[in-house]
Amino acid sequence: MLNLDLFINGLIIGLFYALMAVGLTLIFGILKVVNFAHGEFYMVGTYTYTLLALKLGVDPWLALPLAAAAGAMVGSLTERMLMRPLYAGYTSWGMLKDEYAVVVTFALSLLLVNLVDKVVGPYPQRGPALVDIPRMALGPIMLSGQKLIATGVAAATIVALALFIRYSYWGRQIQAVAQNRLGASLAGIDTARASNIVFTLSGALAGLSGALLAPIINASPDVGSFPAIKSYVIVVLGGMGSMPGSILASLTLGVMESFGAVYISYDYRDTFGLVILMLVLLLRPQGLFGEKGREV
């Protein structure tokens, strides 16, 4: 019974990791760069949900999509104002694109953290629960009502995203741009719009994740730092740019942390992912679903 409980809770944790990591994976798949402000998209969603529900009295179920919309807006603005120069001069950037992306996204991260700290304040705030049910039964497993509902929303969102990427008109264009940006542009695909959609989706997913966890993890200016670190680990584990790999890596990491916290030590729970990351980099650098590649 204990092992089943740990397994279920690990899968639940992994789903929340996946919401964050999939957005980061999409960005890397399109631009081949890492967004170091991804954790702040999560923070924006957390604060939007918490402040709307607590300060303005908005119903939590209405505050939830508004938090995702706030994250989407920040993601879209980031792409338009900061990332578009990367591919506006696609053929001339060369190796400078990596340095540019690191500098501007890290600077945006610092800006958003300090802006929230000054405007809202440094003190943590807990958002209201979506449902007023302390415990719910999932077969033989007892879970809090908030965690169970949030898990259902997270799972449905991931499935909807996968269907959108796989079957929708814009999803197919995103896949084409991810495979070959220059070739997609020559085929008539609006690569700038595809990139903006990806950043918007990434911000929406991170914002939604922050809102779902706001009743569990207090909102604070640096609340997105740790989820972002987990996302970076997951993206490497799953294979850079691989959405199925990120989902599988998220679930695997959640389960391993759940078991490790009980059978090894809870104090070292958050280090297990880093240990796994080092092993993967040593034994399979391309990740679970990644492929070896070379540039000439």
# chains A, B, ... in the order shown; residues from 1 in each chain; ligands from 1

call {"tool": "select_by_dssp", "arguments": {"residues": "segment 3-140 of chain A", "states": "alpha helix (DSSP H)", "output": "mmCIF file with N, CA, C and O atoms, in the first residue's frame"}}
result
data_model
loop_
_atom_site.group_PDB
_atom_site.id
_atom_site.type_symbol
_atom_site.label_atom_id
_atom_site.label_comp_id
_atom_site.auth_asym_id
_atom_site.auth_seq_id
_atom_site.Cartn_x
_atom_site.Cartn_y
_atom_site.Cartn_z
ATOM 1 N N ASN A 3 3.915 1.589 -1.198
ATOM 2 C CA ASN A 3 4.544 1.769 -2.506
ATOM 3 C C ASN A 3 3.556 2.315 -3.534
ATOM 4 O O ASN A 3 3.920 3.152 -4.371
ATOM 5 N N LEU A 4 2.313 1.848 -3.476
ATOM 6 C CA LEU A 4 1.307 2.356 -4.395
ATOM 7 C C LEU A 4 1.032 3.833 -4.129
ATOM 8 O O LEU A 4 0.903 4.628 -5.064
ATOM 9 N N ASP A 5 0.966 4.191 -2.861
ATOM 10 C CA ASP A 5 0.743 5.586 -2.491
ATOM 11 C C ASP A 5 1.888 6.463 -2.988
ATOM 12 O O ASP A 5 1.672 7.551 -3.532
ATOM 13 N N LEU A 6 3.118 5.991 -2.824
ATOM 14 C CA LEU A 6 4.284 6.749 -3.290
ATOM 15 C C LEU A 6 4.283 6.871 -4.810
ATOM 16 O O LEU A 6 4.624 7.928 -5.358
ATOM 17 N N PHE A 7 3.877 5.803 -5.482
ATOM 18 C CA PHE A 7 3.857 5.817 -6.948
ATOM 19 C C PHE A 7 2.828 6.819 -7.471
ATOM 20 O O PHE A 7 3.122 7.622 -8.379
ATOM 21 N N ILE A 8 1.623 6.793 -6.911
ATOM 22 C CA ILE A 8 0.572 7.715 -7.347
ATOM 23 C C ILE A 8 0.972 9.163 -7.077
ATOM 24 O O ILE A 8 0.820 10.040 -7.938
ATOM 25 N N ASN A 9 1.490 9.422 -5.891
ATOM 26 C CA ASN A 9 1.913 10.784 -5.569
ATOM 27 C C ASN A 9 3.068 11.237 -6.455
ATOM 28 O O ASN A 9 3.148 12.413 -6.825
ATOM 29 N N GLY A 10 3.955 10.303 -6.802
ATOM 30 C CA GLY A 10 5.052 10.639 -7.706
ATOM 31 C C GLY A 10 4.556 11.010 -9.093
ATOM 32 O O GLY A 10 5.056 11.948 -9.709
ATOM 33 N N LEU A 11 3.552 10.280 -9.581
ATOM 34 C CA LEU A 11 2.978 10.603 -10.882
ATOM 35 C C LEU A 11 2.305 11.983 -10.861
ATOM 36 O O LEU A 11 2.385 12.749 -11.825
ATOM 37 N N ILE A 12 1.643 12.295 -9.747
ATOM 38 C CA ILE A 12 0.984 13.598 -9.616
ATOM 39 C C ILE A 12 2.021 14.723 -9.648
ATOM 40 O O ILE A 12 1.863 15.724 -10.354
ATOM 41 N N ILE A 13 3.094 14.540 -8.887
ATOM 42 C CA ILE A 13 4.169 15.538 -8.903
ATOM 43 C C ILE A 13 4.754 15.671 -10.312
ATOM 44 O O ILE A 13 5.022 16.770 -10.799
ATOM 45 N N GLY A 14 4.922 14.529 -10.967
ATOM 46 C CA GLY A 14 5.477 14.536 -12.313
ATOM 47 C C GLY A 14 4.615 15.283 -13.313
ATOM 48 O O GLY A 14 5.128 15.918 -14.239
ATOM 49 N N LEU A 15 3.294 15.230 -13.150
ATOM 50 C CA LEU A 15 2.403 15.954 -14.050
ATOM 51 C C LEU A 15 2.612 17.465 -13.939
ATOM 52 O O LEU A 15 2.602 18.181 -14.934
ATOM 53 N N PHE A 16 2.802 17.940 -12.719
ATOM 54 C CA PHE A 16 3.063 19.367 -12.539
ATOM 55 C C PHE A 16 4.424 19.742 -13.121
ATOM 56 O O PHE A 16 4.581 20.825 -13.710
ATOM 57 N N TYR A 17 5.412 18.868 -12.952
ATOM 58 C CA TYR A 17 6.699 19.108 -13.587
ATOM 59 C C TYR A 17 6.535 19.199 -15.105
ATOM 60 O O TYR A 17 7.160 20.036 -15.769
ATOM 61 N N ALA A 18 5.695 18.301 -15.654
ATOM 62 C CA ALA A 18 5.515 18.241 -17.107
ATOM 63 C C ALA A 18 4.907 19.532 -17.650
ATOM 64 O O ALA A 18 5.270 19.984 -18.738
ATOM 65 N N LEU A 19 3.969 20.128 -16.912
ATOM 66 C CA LEU A 19 3.360 21.384 -17.360
ATOM 67 C C LEU A 19 4.420 22.461 -17.578
ATOM 68 O O LEU A 19 4.352 23.232 -18.533
ATOM 69 N N MET A 20 5.379 22.506 -16.676
ATOM 70 C CA MET A 20 6.459 23.476 -16.804
ATOM 71 C C MET A 20 7.441 23.081 -17.910
ATOM 72 O O MET A 20 7.811 23.897 -18.760
ATOM 73 N N ALA A 21 7.851 21.830 -17.904
ATOM 74 C CA ALA A 21 8.939 21.407 -18.786
ATOM 75 C C ALA A 21 8.537 21.380 -20.249
ATOM 76 O O ALA A 21 9.366 21.659 -21.132
ATOM 77 N N VAL A 22 7.275 21.058 -20.541
ATOM 78 C CA VAL A 22 6.849 20.971 -21.938
ATOM 79 C C VAL A 22 6.970 22.331 -22.622
ATOM 80 O O VAL A 22 7.400 22.428 -23.776
ATOM 81 N N GLY A 23 6.588 23.399 -21.921
ATOM 82 C CA GLY A 23 6.725 24.731 -22.499
ATOM 83 C C GLY A 23 8.164 25.076 -22.804
ATOM 84 O O GLY A 23 8.475 25.659 -23.859
ATOM 85 N N LEU A 24 9.063 24.736 -21.901
ATOM 86 C CA LEU A 24 10.482 24.990 -22.117
ATOM 87 C C LEU A 24 11.003 24.166 -23.292
ATOM 88 O O LEU A 24 11.827 24.628 -24.085
ATOM 89 N N THR A 25 10.500 22.944 -23.418
ATOM 90 C CA THR A 25 10.891 22.075 -24.520
ATOM 91 C C THR A 25 10.454 22.647 -25.859
ATOM 92 O O THR A 25 11.199 22.600 -26.847
ATOM 93 N N LEU A 26 9.236 23.184 -25.909
ATOM 94 C CA LEU A 26 8.738 23.770 -27.148
ATOM 95 C C LEU A 26 9.613 24.943 -27.592
ATOM 96 O O LEU A 26 9.913 25.096 -28.776
ATOM 97 N N ILE A 27 10.002 25.781 -26.637
ATOM 98 C CA ILE A 27 10.853 26.928 -26.973
ATOM 99 C C ILE A 27 12.187 26.462 -27.528
ATOM 100 O O ILE A 27 12.680 26.985 -28.534
ATOM 101 N N PHE A 28 12.775 25.458 -26.884
ATOM 102 C CA PHE A 28 14.056 24.961 -27.381
ATOM 103 C C PHE A 28 13.881 24.329 -28.759
ATOM 104 O O PHE A 28 14.747 24.466 -29.631
ATOM 105 N N GLY A 29 12.771 23.631 -28.964
ATOM 106 C CA GLY A 29 12.547 23.000 -30.258
ATOM 107 C C GLY A 29 12.441 24.000 -31.393
ATOM 108 O O GLY A 29 12.857 23.723 -32.519
ATOM 109 N N ILE A 30 11.901 25.197 -31.124
ATOM 110 C CA ILE A 30 11.732 26.208 -32.164
ATOM 111 C C ILE A 30 12.998 27.045 -32.353
ATOM 112 O O ILE A 30 13.497 27.209 -33.465
ATOM 113 N N LEU A 31 13.534 27.599 -31.256
ATOM 114 C CA LEU A 31 14.651 28.544 -31.352
ATOM 115 C C LEU A 31 16.008 27.939 -31.022
ATOM 116 O O LEU A 31 17.034 28.587 -31.210
ATOM 117 N N HIS A 38 11.828 31.343 -17.664
ATOM 118 C CA HIS A 38 10.672 30.445 -17.641
ATOM 119 C C HIS A 38 10.059 30.349 -16.243
ATOM 120 O O HIS A 38 8.838 30.277 -16.097
ATOM 121 N N GLY A 39 10.876 30.351 -15.220
ATOM 122 C CA GLY A 39 10.361 30.294 -13.855
ATOM 123 C C GLY A 39 9.529 31.515 -13.500
ATOM 124 O O GLY A 39 8.589 31.427 -12.694
ATOM 125 N N GLU A 40 9.837 32.642 -14.117
ATOM 126 C CA GLU A 40 9.074 33.860 -13.831
ATOM 127 C C GLU A 40 7.714 33.848 -14.526
ATOM 128 O O GLU A 40 6.795 34.526 -14.087
ATOM 129 N N PHE A 41 7.566 33.088 -15.616
ATOM 130 C CA PHE A 41 6.236 32.868 -16.189
ATOM 131 C C PHE A 41 5.364 32.143 -15.166
ATOM 132 O O PHE A 41 4.184 32.461 -14.998
ATOM 133 N N TYR A 42 5.964 31.167 -14.500
ATOM 134 C CA TYR A 42 5.273 30.433 -13.432
ATOM 135 C C TYR A 42 4.884 31.391 -12.305
ATOM 136 O O TYR A 42 3.763 31.359 -11.788
ATOM 137 N N MET A 43 5.805 32.262 -11.922
ATOM 138 C CA MET A 43 5.558 33.217 -10.842
ATOM 139 C C MET A 43 4.407 34.173 -11.187
ATOM 140 O O MET A 43 3.577 34.508 -10.338
ATOM 141 N N VAL A 44 4.356 34.613 -12.437
ATOM 142 C CA VAL A 44 3.279 35.500 -12.877
ATOM 143 C C VAL A 44 1.919 34.818 -12.718
ATOM 144 O O VAL A 44 0.946 35.421 -12.249
ATOM 145 N N GLY A 45 1.838 33.543 -13.100
ATOM 146 C CA GLY A 45 0.591 32.809 -12.941
ATOM 147 C C GLY A 45 0.205 32.636 -11.489
ATOM 148 O O GLY A 45 -0.977 32.760 -11.113
ATOM 149 N N THR A 46 1.193 32.359 -10.637
ATOM 150 C CA THR A 46 0.928 32.187 -9.212
ATOM 151 C C THR A 46 0.360 33.459 -8.595
ATOM 152 O O THR A 46 -0.644 33.430 -7.871
ATOM 153 N N TYR A 47 0.991 34.584 -8.874
ATOM 154 C CA TYR A 47 0.538 35.855 -8.308
ATOM 155 C C TYR A 47 -0.798 36.305 -8.899
ATOM 156 O O TYR A 47 -1.638 36.871 -8.192
ATOM 157 N N THR A 48 -0.989 36.089 -10.189
ATOM 158 C CA THR A 48 -2.255 36.478 -10.809
ATOM 159 C C THR A 48 -3.419 35.749 -10.157
ATOM 160 O O THR A 48 -4.440 36.349 -9.798
ATOM 161 N N TYR A 49 -3.268 34.445 -10.000
ATOM 162 C CA TYR A 49 -4.322 33.641 -9.367
ATOM 163 C C TYR A 49 -4.549 34.083 -7.921
ATOM 164 O O TYR A 49 -5.695 34.314 -7.491
ATOM 165 N N THR A 50 -3.472 34.225 -7.171
ATOM 166 C CA THR A 50 -3.582 34.547 -5.744
ATOM 167 C C THR A 50 -4.180 35.931 -5.522
ATOM 168 O O THR A 50 -5.097 36.103 -4.708
ATOM 169 N N LEU A 51 -3.697 36.930 -6.240
ATOM 170 C CA LEU A 51 -4.175 38.293 -6.022
ATOM 171 C C LEU A 51 -5.603 38.483 -6.516
ATOM 172 O O LEU A 51 -6.402 39.185 -5.880
ATOM 173 N N LEU A 52 -5.943 37.873 -7.647
ATOM 174 C CA LEU A 52 -7.313 37.988 -8.138
ATOM 175 C C LEU A 52 -8.303 37.355 -7.166
ATOM 176 O O LEU A 52 -9.362 37.920 -6.880
ATOM 177 N N ALA A 53 -7.956 36.165 -6.668
ATOM 178 C CA ALA A 53 -8.877 35.451 -5.787
ATOM 179 C C ALA A 53 -8.941 36.064 -4.391
ATOM 180 O O ALA A 53 -10.021 36.157 -3.801
ATOM 181 N N LEU A 54 -7.786 36.503 -3.858
ATOM 182 C CA LEU A 54 -7.760 37.012 -2.487
ATOM 183 C C LEU A 54 -8.117 38.495 -2.399
ATOM 184 O O LEU A 54 -8.903 38.902 -1.540
ATOM 185 N N LYS A 55 -7.536 39.305 -3.267
ATOM 186 C CA LYS A 55 -7.702 40.749 -3.167
ATOM 187 C C LYS A 55 -8.957 41.265 -3.871
ATOM 188 O O LYS A 55 -9.607 42.202 -3.389
ATOM 189 N N PRO A 60 -12.124 31.358 -7.771
ATOM 190 C CA PRO A 60 -10.880 30.656 -8.141
ATOM 191 C C PRO A 60 -10.932 29.975 -9.502
ATOM 192 O O PRO A 60 -9.922 29.934 -10.213
ATOM 193 N N TRP A 61 -12.107 29.456 -9.883
ATOM 194 C CA TRP A 61 -12.213 28.791 -11.175
ATOM 195 C C TRP A 61 -12.110 29.780 -12.327
ATOM 196 O O TRP A 61 -11.728 29.414 -13.441
ATOM 197 N N LEU A 62 -12.464 31.039 -12.093
ATOM 198 C CA LEU A 62 -12.279 32.077 -13.100
ATOM 199 C C LEU A 62 -10.853 32.621 -13.061
ATOM 200 O O LEU A 62 -10.275 32.956 -14.106
ATOM 201 N N ALA A 63 -10.271 32.691 -11.862
ATOM 202 C CA ALA A 63 -8.897 33.170 -11.730
ATOM 203 C C ALA A 63 -7.903 32.211 -12.389
ATOM 204 O O ALA A 63 -6.828 32.642 -12.831
ATOM 205 N N LEU A 64 -8.262 30.939 -12.490
ATOM 206 C CA LEU A 64 -7.356 29.937 -13.058
ATOM 207 C C LEU A 64 -7.050 30.224 -14.537
ATOM 208 O O LEU A 64 -5.866 30.350 -14.904
ATOM 209 N N PRO A 65 -8.061 30.345 -15.411
ATOM 210 C CA PRO A 65 -7.725 30.680 -16.807
ATOM 211 C C PRO A 65 -7.135 32.077 -16.968
ATOM 212 O O PRO A 65 -6.343 32.320 -17.885
ATOM 213 N N LEU A 66 -7.507 33.007 -16.067
ATOM 214 C CA LEU A 66 -6.918 34.348 -16.137
ATOM 215 C C LEU A 66 -5.431 34.302 -15.820
ATOM 216 O O LEU A 66 -4.635 35.055 -16.397
ATOM 217 N N ALA A 67 -5.026 33.418 -14.899
ATOM 218 C CA ALA A 67 -3.603 33.248 -14.593
ATOM 219 C C ALA A 67 -2.859 32.683 -15.797
ATOM 220 O O ALA A 67 -1.741 33.116 -16.126
ATOM 221 N N ALA A 68 -3.476 31.696 -16.472
ATOM 222 C CA ALA A 68 -2.864 31.150 -17.686
ATOM 223 C C ALA A 68 -2.757 32.227 -18.758
ATOM 224 O O ALA A 68 -1.751 32.303 -19.476
ATOM 225 N N ALA A 69 -3.790 33.082 -18.867
ATOM 226 C CA ALA A 69 -3.764 34.167 -19.851
ATOM 227 C C ALA A 69 -2.664 35.174 -19.541
ATOM 228 O O ALA A 69 -2.007 35.695 -20.447
ATOM 229 N N ALA A 70 -2.452 35.456 -18.242
ATOM 230 C CA ALA A 70 -1.374 36.381 -17.854
ATOM 231 C C ALA A 70 -0.014 35.808 -18.234
ATOM 232 O O ALA A 70 0.855 36.519 -18.758
ATOM 233 N N GLY A 71 0.191 34.518 -17.975
ATOM 234 C CA GLY A 71 1.437 33.882 -18.386
ATOM 235 C C GLY A 71 1.613 33.897 -19.890
ATOM 236 O O GLY A 71 2.715 34.131 -20.399
ATOM 237 N N ALA A 72 0.505 33.656 -20.622
ATOM 238 C CA ALA A 72 0.567 33.682 -22.084
ATOM 239 C C ALA A 72 0.947 35.072 -22.594
ATOM 240 O O ALA A 72 1.733 35.208 -23.538
ATOM 241 N N MET A 73 0.389 36.105 -21.966
ATOM 242 C CA MET A 73 0.692 37.474 -22.395
ATOM 243 C C MET A 73 2.169 37.801 -22.173
ATOM 244 O O MET A 73 2.823 38.384 -23.050
ATOM 245 N N VAL A 74 2.711 37.416 -21.013
ATOM 246 C CA VAL A 74 4.128 37.658 -20.740
ATOM 247 C C VAL A 74 4.999 36.890 -21.729
ATOM 248 O O VAL A 74 5.996 37.410 -22.237
ATOM 249 N N GLY A 75 4.615 35.653 -22.037
ATOM 250 C CA GLY A 75 5.368 34.869 -23.003
ATOM 251 C C GLY A 75 5.355 35.488 -24.382
ATOM 252 O O GLY A 75 6.390 35.573 -25.061
ATOM 253 N N SER A 76 4.174 35.957 -24.811
ATOM 254 C CA SER A 76 4.059 36.587 -26.129
ATOM 255 C C SER A 76 4.892 37.865 -26.211
ATOM 256 O O SER A 76 5.594 38.111 -27.203
ATOM 257 N N LEU A 77 4.832 38.692 -25.175
ATOM 258 C CA LEU A 77 5.616 39.933 -25.163
ATOM 259 C C LEU A 77 7.115 39.646 -25.150
ATOM 260 O O LEU A 77 7.901 40.365 -25.785
ATOM 261 N N THR A 78 7.514 38.598 -24.443
ATOM 262 C CA THR A 78 8.934 38.225 -24.406
ATOM 263 C C THR A 78 9.428 37.876 -25.798
ATOM 264 O O THR A 78 10.510 38.297 -26.226
ATOM 265 N N ARG A 84 12.680 38.008 -30.884
ATOM 266 C CA ARG A 84 12.534 38.102 -32.335
ATOM 267 C C ARG A 84 13.825 38.481 -33.058
ATOM 268 O O ARG A 84 14.049 38.026 -34.191
ATOM 269 N N PRO A 85 14.712 39.311 -32.472
ATOM 270 C CA PRO A 85 15.987 39.584 -33.161
ATOM 271 C C PRO A 85 16.803 38.329 -33.452
ATOM 272 O O PRO A 85 17.639 38.333 -34.368
ATOM 273 N N LEU A 86 16.568 37.235 -32.705
ATOM 274 C CA LEU A 86 17.307 35.998 -32.951
ATOM 275 C C LEU A 86 17.081 35.475 -34.352
ATOM 276 O O LEU A 86 18.002 35.006 -35.016
ATOM 277 N N TYR A 87 15.824 35.508 -34.812
ATOM 278 C CA TYR A 87 15.544 34.931 -36.117
ATOM 279 C C TYR A 87 15.194 35.983 -37.161
ATOM 280 O O TYR A 87 15.024 35.659 -38.333
ATOM 281 N N ALA A 88 15.106 37.265 -36.757
ATOM 282 C CA ALA A 88 14.968 38.328 -37.755
ATOM 283 C C ALA A 88 16.226 38.385 -38.621
ATOM 284 O O ALA A 88 16.170 38.648 -39.816
ATOM 285 N N TYR A 90 18.315 35.660 -39.030
ATOM 286 C CA TYR A 90 18.599 34.235 -38.835
ATOM 287 C C TYR A 90 19.935 33.799 -39.415
ATOM 288 O O TYR A 90 20.674 33.030 -38.804
ATOM 289 N N THR A 91 20.274 34.289 -40.612
ATOM 290 C CA THR A 91 21.479 33.788 -41.281
ATOM 291 C C THR A 91 22.758 34.456 -40.800
ATOM 292 O O THR A 91 23.848 34.001 -41.125
ATOM 293 N N SER A 92 22.642 35.535 -40.028
ATOM 294 C CA SER A 92 23.835 36.283 -39.657
ATOM 295 C C SER A 92 24.224 36.156 -38.191
ATOM 296 O O SER A 92 25.285 36.616 -37.801
ATOM 297 N N TRP A 93 23.367 35.510 -37.383
ATOM 298 C CA TRP A 93 23.670 35.459 -35.950
ATOM 299 C C TRP A 93 24.780 34.475 -35.621
ATOM 300 O O TRP A 93 25.614 34.722 -34.766
ATOM 301 N N LEU A 96 26.319 33.589 -31.927
ATOM 302 C CA LEU A 96 25.969 34.625 -30.967
ATOM 303 C C LEU A 96 24.560 34.459 -30.407
ATOM 304 O O LEU A 96 24.226 35.072 -29.399
ATOM 305 N N LYS A 97 23.726 33.649 -31.048
ATOM 306 C CA LYS A 97 22.345 33.543 -30.601
ATOM 307 C C LYS A 97 22.256 32.953 -29.194
ATOM 308 O O LYS A 97 21.393 33.342 -28.415
ATOM 309 N N ASP A 98 23.125 32.020 -28.861
ATOM 310 C CA ASP A 98 23.085 31.406 -27.532
ATOM 311 C C ASP A 98 23.420 32.430 -26.453
ATOM 312 O O ASP A 98 22.737 32.509 -25.425
ATOM 313 N N GLU A 99 24.464 33.209 -26.675
ATOM 314 C CA GLU A 99 24.849 34.218 -25.696
ATOM 315 C C GLU A 99 23.756 35.279 -25.543
ATOM 316 O O GLU A 99 23.442 35.713 -24.440
ATOM 317 N N TYR A 100 23.179 35.694 -26.665
ATOM 318 C CA TYR A 100 22.113 36.693 -26.627
ATOM 319 C C TYR A 100 20.921 36.178 -25.817
ATOM 320 O O TYR A 100 20.394 36.888 -24.953
ATOM 321 N N ALA A 101 20.498 34.947 -26.074
ATOM 322 C CA ALA A 101 19.332 34.386 -25.383
ATOM 323 C C ALA A 101 19.588 34.271 -23.890
ATOM 324 O O ALA A 101 18.707 34.571 -23.070
ATOM 325 N N VAL A 102 20.778 33.834 -23.506
ATOM 326 C CA VAL A 102 21.108 33.715 -22.087
ATOM 327 C C VAL A 102 21.043 35.071 -21.404
ATOM 328 O O VAL A 102 20.434 35.225 -20.331
ATOM 329 N N VAL A 103 21.646 36.080 -22.016
ATOM 330 C CA VAL A 103 21.716 37.405 -21.391
ATOM 331 C C VAL A 103 20.321 38.020 -21.248
ATOM 332 O O VAL A 103 19.937 38.480 -20.172
ATOM 333 N N VAL A 104 19.541 38.028 -22.340
ATOM 334 C CA VAL A 104 18.262 38.740 -22.284
ATOM 335 C C VAL A 104 17.237 38.019 -21.417
ATOM 336 O O VAL A 104 16.457 38.658 -20.697
ATOM 337 N N THR A 105 17.202 36.684 -21.439
ATOM 338 C CA THR A 105 16.214 35.983 -20.613
ATOM 339 C C THR A 105 16.610 36.005 -19.141
ATOM 340 O O THR A 105 15.742 36.096 -18.268
ATOM 341 N N PHE A 106 17.911 35.956 -18.859
ATOM 342 C CA PHE A 106 18.345 36.073 -17.472
ATOM 343 C C PHE A 106 18.056 37.471 -16.940
ATOM 344 O O PHE A 106 17.626 37.647 -15.792
ATOM 345 N N ALA A 107 18.271 38.483 -17.766
ATOM 346 C CA ALA A 107 17.960 39.854 -17.360
ATOM 347 C C ALA A 107 16.464 40.028 -17.131
ATOM 348 O O ALA A 107 16.036 40.702 -16.171
ATOM 349 N N LEU A 108 15.643 39.424 -17.986
ATOM 350 C CA LEU A 108 14.188 39.490 -17.798
ATOM 351 C C LEU A 108 13.780 38.813 -16.497
ATOM 352 O O LEU A 108 12.904 39.309 -15.781
ATOM 353 N N SER A 109 14.424 37.701 -16.180
ATOM 354 C CA SER A 109 14.141 37.008 -14.920
ATOM 355 C C SER A 109 14.403 37.916 -13.726
ATOM 356 O O SER A 109 13.561 38.043 -12.822
ATOM 357 N N LEU A 110 15.564 38.553 -13.714
ATOM 358 C CA LEU A 110 15.893 39.468 -12.611
ATOM 359 C C LEU A 110 14.920 40.643 -12.549
ATOM 360 O O LEU A 110 14.504 41.058 -11.458
ATOM 361 N N LEU A 111 14.547 41.161 -13.706
ATOM 362 C CA LEU A 111 13.619 42.290 -13.747
ATOM 363 C C LEU A 111 12.264 41.921 -13.142
ATOM 364 O O LEU A 111 11.725 42.655 -12.305
ATOM 365 N N LEU A 112 11.711 40.786 -13.550
ATOM 366 C CA LEU A 112 10.390 40.392 -13.068
ATOM 367 C C LEU A 112 10.397 40.083 -11.580
ATOM 368 O O LEU A 112 9.465 40.465 -10.852
ATOM 369 N N VAL A 113 11.445 39.409 -11.104
ATOM 370 C CA VAL A 113 11.533 39.089 -9.680
ATOM 371 C C VAL A 113 11.584 40.368 -8.845
ATOM 372 O O VAL A 113 10.845 40.513 -7.849
ATOM 373 N N ASN A 114 12.419 41.302 -9.227
ATOM 374 C CA ASN A 114 12.550 42.538 -8.456
ATOM 375 C C ASN A 114 11.339 43.445 -8.610
ATOM 376 O O ASN A 114 10.965 44.157 -7.667
ATOM 377 N N LEU A 115 10.700 43.412 -9.772
ATOM 378 C CA LEU A 115 9.497 44.214 -9.974
ATOM 379 C C LEU A 115 8.373 43.740 -9.057
ATOM 380 O O LEU A 115 7.706 44.548 -8.397
ATOM 381 N N VAL A 116 8.171 42.439 -8.990
ATOM 382 C CA VAL A 116 7.137 41.891 -8.106
ATOM 383 C C VAL A 116 7.488 42.147 -6.646
ATOM 384 O O VAL A 116 6.617 42.467 -5.827
ATOM 385 N N ASP A 117 8.758 42.023 -6.314
ATOM 386 C CA ASP A 117 9.193 42.265 -4.935
ATOM 387 C C ASP A 117 8.864 43.697 -4.494
ATOM 388 O O ASP A 117 8.436 43.925 -3.354
ATOM 389 N N LYS A 118 9.046 44.662 -5.390
ATOM 390 C CA LYS A 118 8.798 46.059 -5.035
ATOM 391 C C LYS A 118 7.316 46.421 -5.089
ATOM 392 O O LYS A 118 6.819 47.192 -4.265
ATOM 393 N N VAL A 119 6.594 45.877 -6.071
ATOM 394 C CA VAL A 119 5.195 46.251 -6.260
ATOM 395 C C VAL A 119 4.265 45.496 -5.316
ATOM 396 O O VAL A 119 3.395 46.087 -4.662
#

call {"tool": "residues_around", "arguments": {"residues": "Ile217 of chain A", "least_positions_apart": "6", "cutoff": "10 Å", "atoms": "only C-alpha atoms", "output": "ChimeraX atom specification"}}
result
/A:46,124-127,210-211,223

call {"tool": "residues_around", "arguments": {"residues": "segment 148-160 of chain A", "least_positions_apart": "2", "cutoff": "9 Å", "atoms": "only C-alpha atoms", "output": "PyMOL selection string"}}
result
chain A and resi 12-13+15-16+18-19+22+130-131+136+138+143-146+162-165+205+208-209+212-213+247

call {"tool": "write_last_selection", "arguments": {"atoms": "C-alpha atoms", "output": "PDB file, in the first residue's frame"}}
result
ATOM      1  CA  ILE A  12       0.984  13.598  -9.616  1.00  0.00           C
ATOM      2  CA  ILE A  13       4.169  15.538  -8.903  1.00  0.00           C
ATOM      3  CA  LEU A  15       2.403  15.954 -14.050  1.00  0.00           C
ATOM      4  CA  PHE A  16       3.063  19.367 -12.539  1.00  0.00           C
ATOM      5  CA  ALA A  18       5.515  18.241 -17.107  1.00  0.00           C
ATOM      6  CA  LEU A  19       3.360  21.384 -17.360  1.00  0.00           C
ATOM      7  CA  VAL A  22       6.849  20.971 -21.938  1.00  0.00           C
ATOM      8  CA  LEU A 130     -10.281  25.370  -6.130  1.00  0.00           C
ATOM      9  CA  VAL A 131     -12.504  23.033  -4.096  1.00  0.00           C
ATOM     10  CA  MET A 136     -10.832  12.625  -1.579  1.00  0.00           C
ATOM     11  CA  LEU A 138      -8.675   7.715  -5.405  1.00  0.00           C
ATOM     12  CA  LEU A 143      -5.499  12.729  -1.661  1.00  0.00           C
ATOM     13  CA  SER A 144      -6.402  16.311  -0.909  1.00  0.00           C
ATOM     14  CA  GLY A 145      -9.250  17.618  -3.009  1.00  0.00           C
ATOM     15  CA  GLN A 146      -7.118  20.468  -4.364  1.00  0.00           C
ATOM     16  CA  ALA A 162      -0.329  17.128 -27.519  1.00  0.00           C
ATOM     17  CA  LEU A 163      -3.419  16.951 -29.754  1.00  0.00           C
ATOM     18  CA  PHE A 164      -2.957  20.611 -30.761  1.00  0.00           C
ATOM     19  CA  ILE A 165       0.690  20.084 -31.737  1.00  0.00           C
ATOM     20  CA  LEU A 205       1.417  26.399 -19.362  1.00  0.00           C
ATOM     21  CA  LEU A 208      -1.424  27.561 -15.281  1.00  0.00           C
ATOM     22  CA  SER A 209       1.052  25.412 -13.345  1.00  0.00           C
ATOM     23  CA  LEU A 212      -2.712  25.167  -9.758  1.00  0.00           C
ATOM     24  CA  LEU A 213       0.050  25.035  -7.155  1.00  0.00           C
ATOM     25  CA  ILE A 247       6.625  14.144 -20.283  1.00  0.00           C
TER      26      ILE A 247
END

call {"tool": "closest_residue", "arguments": {"among": "A:Leu282, A:Ala261, A:Ala37, A:Val177", "to": "Ile229 of chain A", "atoms": "only C-alpha atoms"}}
result
A:Ala37

call {"tool": "select_by_dssp", "arguments": {"residues": "segment 6-190 of chain A", "states": "strand (DSSP E or B)", "output": "JSON, numbers by chain"}}
result
{"A": [125, 136, 137, 138, 141, 142, 143]}

call {"tool": "atom_distance", "arguments": {"atom1": "atom CA of Phe36 of chain A", "atom2": "atom CA of Thr191 of chain A"}}
result
21.9 Å

call {"tool": "atom_distance", "arguments": {"atom1": "atom CA of Gly203 of chain A", "atom2": "atom CA of Met256 of chain A"}}
result
27.0 Å
